[in-house]
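Enquirer: The structure follows.
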Amino acid sequence: MHSFYPFWFNIFLYIWIGLAAVIFIVLVVLKIEVPYGRYTRTGWGAFISNRAGWVLMEIPSLLIFAGFFLGGNKVHDPVTWFFFAVWVFHYTNRSLIYPFRTRTISKKMPLSVMFMAIFFNLINASANGYYLGYIHPVYPGYWWKDIRFIFGVLAYLVGMTMNWWADGKLIRLRQNNVNEYAVPYGGVFRYVSCPNYLGEIMEWGGFALMAWNLAALAFFMWTLANLIPRALNHHAWYHRTFPSYPKERKAIIPFIL
């Protein structure tokens with residue numbers, strides 16, 4: 001599959017993956033807490049409503065990806081239509097459903113954080129949409145039975161289920177305490193502090209596996225670079241805030257990290 005990549009697109013993606021590795025190291029080593037959610041603080045410029053900011057920063061992933069995919073010159077086979085459905089399904093929830101499930105009416109997000117997220121989403125959505133719309137080879141008919149596709153779909157489904165379940169658990173936990181945090185218990189929360197992030201990592205790891213291309217891999221690497229440091233920050237915050245927080249619970253990978 002890699003022989004079909006235009007040279008400069010390929011180079012760009014390798015640079016983009018390298019940048020993800022640098023960002024990951026900086027966030028972990030310096031323990032930087034990106035200022036939104038529980039870490040919101042002044043000094044990062046003007047603010048926007050958390051809900052509006054979330055919609056504005058996530059919806060480019062839906063629209064830009066769909067625009068490149070549908071506007072491309074490639075004839076789409078059933079496999080690429082499946083990838084399109086997987087992506088659109090996730091980002092329809094993430095940009096248009098999830099923000100209105102949360103109880104964050106009184107919360108604010110720095111505009112600077114929103115614009116950084118928009119930039120990140122524009123690059124990754126454009127890369128994946130462009131690849132599937134303009135570059136990809138035709139996936140063979142037997143791809144549905146390929147072990148990479150099968151395990152990728154399984155990882156995506158398990159991750160999506162975990163992500164949705166954990167989001168729902170956290171939303172219900174704050175149902176009567178909109179401006180207060182509490183310790184979640186039960187299910188995957190027995191093992192990790194952030195099963196919502198673990199689920200999203202599994203989703204995009206599964207997508208990279210089933211799609212088996214460099215653009216999908218780059219997006220997966222950026223997902224790791226963003227979510228693992230944030231999970232480590234959450235884990236440390238829980239321990240600082242709640243003295244009785246379960247000692248055996250890991251941050252994001254059960255029994256390991």
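Letters for chains follow the order of the structure tokens (A, B, ...), residue numbers begin at 1 for each chain, and ligand numbers begin at 1 in the order shown.
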Within 8 Å of stretch 137-149 of chain A, which residues of stretch 199-254 of chain A show up? Give each one with its shortest atom-to-atom distance in Å (one decimal) and the two atoms involved, counting only C-alpha atoms, rows by chain then rising residue number, as JSON lines.

Expert:
{"residue": "A:Leu209", "atom": "CA", "partner": "A:Arg148", "partner_atom": "CA", "distance": 5.6}
{"residue": "A:Met210", "atom": "CA", "partner": "A:Phe149", "partner_atom": "CA", "distance": 3.9}
{"residue": "A:Ala211", "atom": "CA", "partner": "A:Phe149", "partner_atom": "CA", "distance": 7.2}
{"residue": "A:Trp212", "atom": "CA", "partner": "A:Arg148", "partner_atom": "CA", "distance": 7.7}

Enquirer: Can you list every residue in stretch 37-175 of chain A that DSSP puts in helix (DSSP H, G or I), as an MDAnalysis selection string?

Expert: chainID A and resid 37:39 50:71 78:101 111:135 141:145 147:173

Enquirer: What's around stretch 217-219 of chain A at 8 Å? Count only C-alpha atoms, leave out sequence neighbours fewer than 3 positions away in its own chain, and write the answer as a list in words.

Expert: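 The residues that qualify are Leu13, Tyr14, Trp16, Ile17, Asn124, Trp204, Gly205, Ala208, Leu209, Trp212, Asn213, Leu214, Trp222 and Thr223 of chain A.
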
Enquirer: Go ahead and save the residues from that selection, with C-alpha atoms, as a CSV table (one decimal), in the first residue's frame.

Expert:
chain,number,residue,atom,x,y,z
A,13,LEU,CA,3.2,12.6,7.5
A,14,TYR,CA,6.5,11.4,8.8
A,16,TRP,CA,3.8,15.2,11.6
A,17,ILE,CA,4.4,11.9,13.4
A,124,ASN,CA,-5.5,15.1,10.9
A,204,TRP,CA,-8.1,5.2,16.7
A,205,GLY,CA,-5.6,2.3,17.1
A,208,ALA,CA,-5.2,2.7,12.0
A,209,LEU,CA,-5.1,-1.1,11.9
A,212,TRP,CA,-3.5,0.3,7.3
A,213,ASN,CA,-2.1,3.6,6.0
A,214,LEU,CA,0.3,6.2,7.2
A,222,TRP,CA,-1.3,12.2,17.9
A,223,THR,CA,-4.1,10.6,19.9

Enquirer: Please provide as a list of chain:residue names all residues within 6 Å of stretch 42-56 of chain A, with the sequence filter that same-chain residues fewer than 2 positions apart are discarded (counting only C-alpha atoms).

Expert: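 The filter keeps A:Glu58, A:Ile59, A:Ser95, A:Pro99, A:Lys107, A:Lys108, A:Met109, A:Pro110, A:Leu111, A:Met114.
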
Enquirer: Keeping only C-alpha atoms, write the selected residues to a file as a PDB file, in the first residue's frame.

Expert:
ATOM      1  CA  GLU A  58     -14.367  19.188  16.972  1.00  0.00           C
ATOM      2  CA  ILE A  59     -16.633  19.844  14.004  1.00  0.00           C
ATOM      3  CA  SER A  95     -18.957  17.350  17.855  1.00  0.00           C
ATOM      4  CA  PRO A  99     -21.137  18.524  24.054  1.00  0.00           C
ATOM      5  CA  LYS A 107     -17.610  26.559  32.335  1.00  0.00           C
ATOM      6  CA  LYS A 108     -15.292  28.418  30.004  1.00  0.00           C
ATOM      7  CA  MET A 109     -12.477  27.408  27.667  1.00  0.00           C
ATOM      8  CA  PRO A 110      -9.565  29.626  26.557  1.00  0.00           C
ATOM      9  CA  LEU A 111      -9.842  30.578  22.891  1.00  0.00           C
ATOM     10  CA  MET A 114      -9.794  25.953  21.105  1.00  0.00           C
TER      11      MET A 114
END

Enquirer: Calculated over only C-alpha atoms, which of the candidates A:Tyr185, A:Phe119, A:Tyr98, A:Phe82 has the smallest distance to A:Asn163?

Expert: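 Comparing A:Tyr185, A:Phe119, A:Tyr98, A:Phe82 against A:Asn163, the winner is A:Tyr98.
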
Enquirer: To one decimal in Å, tell me the separation between atom CA of A:Trp8 and atom CA of A:Asn226.

Expert: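 One can read the atom CA of A:Trp8 to atom CA of A:Asn226 distance as 25.3 Å.
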
Enquirer: What does the distance between atom CA of A:Phe242 and atom CA of A:Glu200 come to in Å, to one decimal place?

Expert: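 A separation of 25.6 Å between them.
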
Enquirer: Write out as a list of chain:residue names all residues of stretch 33-144 of chain A that backbone DSSP assigns to strand (DSSP E).

Expert: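 Here are the strand (DSSP E) residues of stretch 33-144 of chain A: A:Phe47, A:Ile48, A:Ser49, A:Lys108, A:Met109, A:Pro110.
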
Enquirer: Any chance you can output those residues with C-alpha atoms as a compact mmCIF listing (two decimals), in the first residue's frame?

Expert:
# COMPACT_ATOMS: atom_id res chain seq x y z
CA PHE A 47 -12.50 32.67 26.98
CA ILE A 48 -15.43 31.07 25.18
CA SER A 49 -18.24 28.93 26.56
CA LYS A 108 -15.29 28.42 30.00
CA MET A 109 -12.48 27.41 27.67
CA PRO A 110 -9.56 29.63 26.56

Enquirer: Report as a ChimeraX atom specification all protein, DNA and RNA residues lying within 10 Å of stretch 61-68 of chain A, evaluated on only C-alpha atoms, omitting residues in the same chain fewer than 2 positions from it.

Expert: /A:56-59,70-73,84-85,87-96,118,120-134

Enquirer: Separation of atom CA of A:Leu154 and atom CA of A:Met202, in Å?

Expert: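 About the pair atom CA of A:Leu154 and atom CA of A:Met202: they are 9.4 Å apart.
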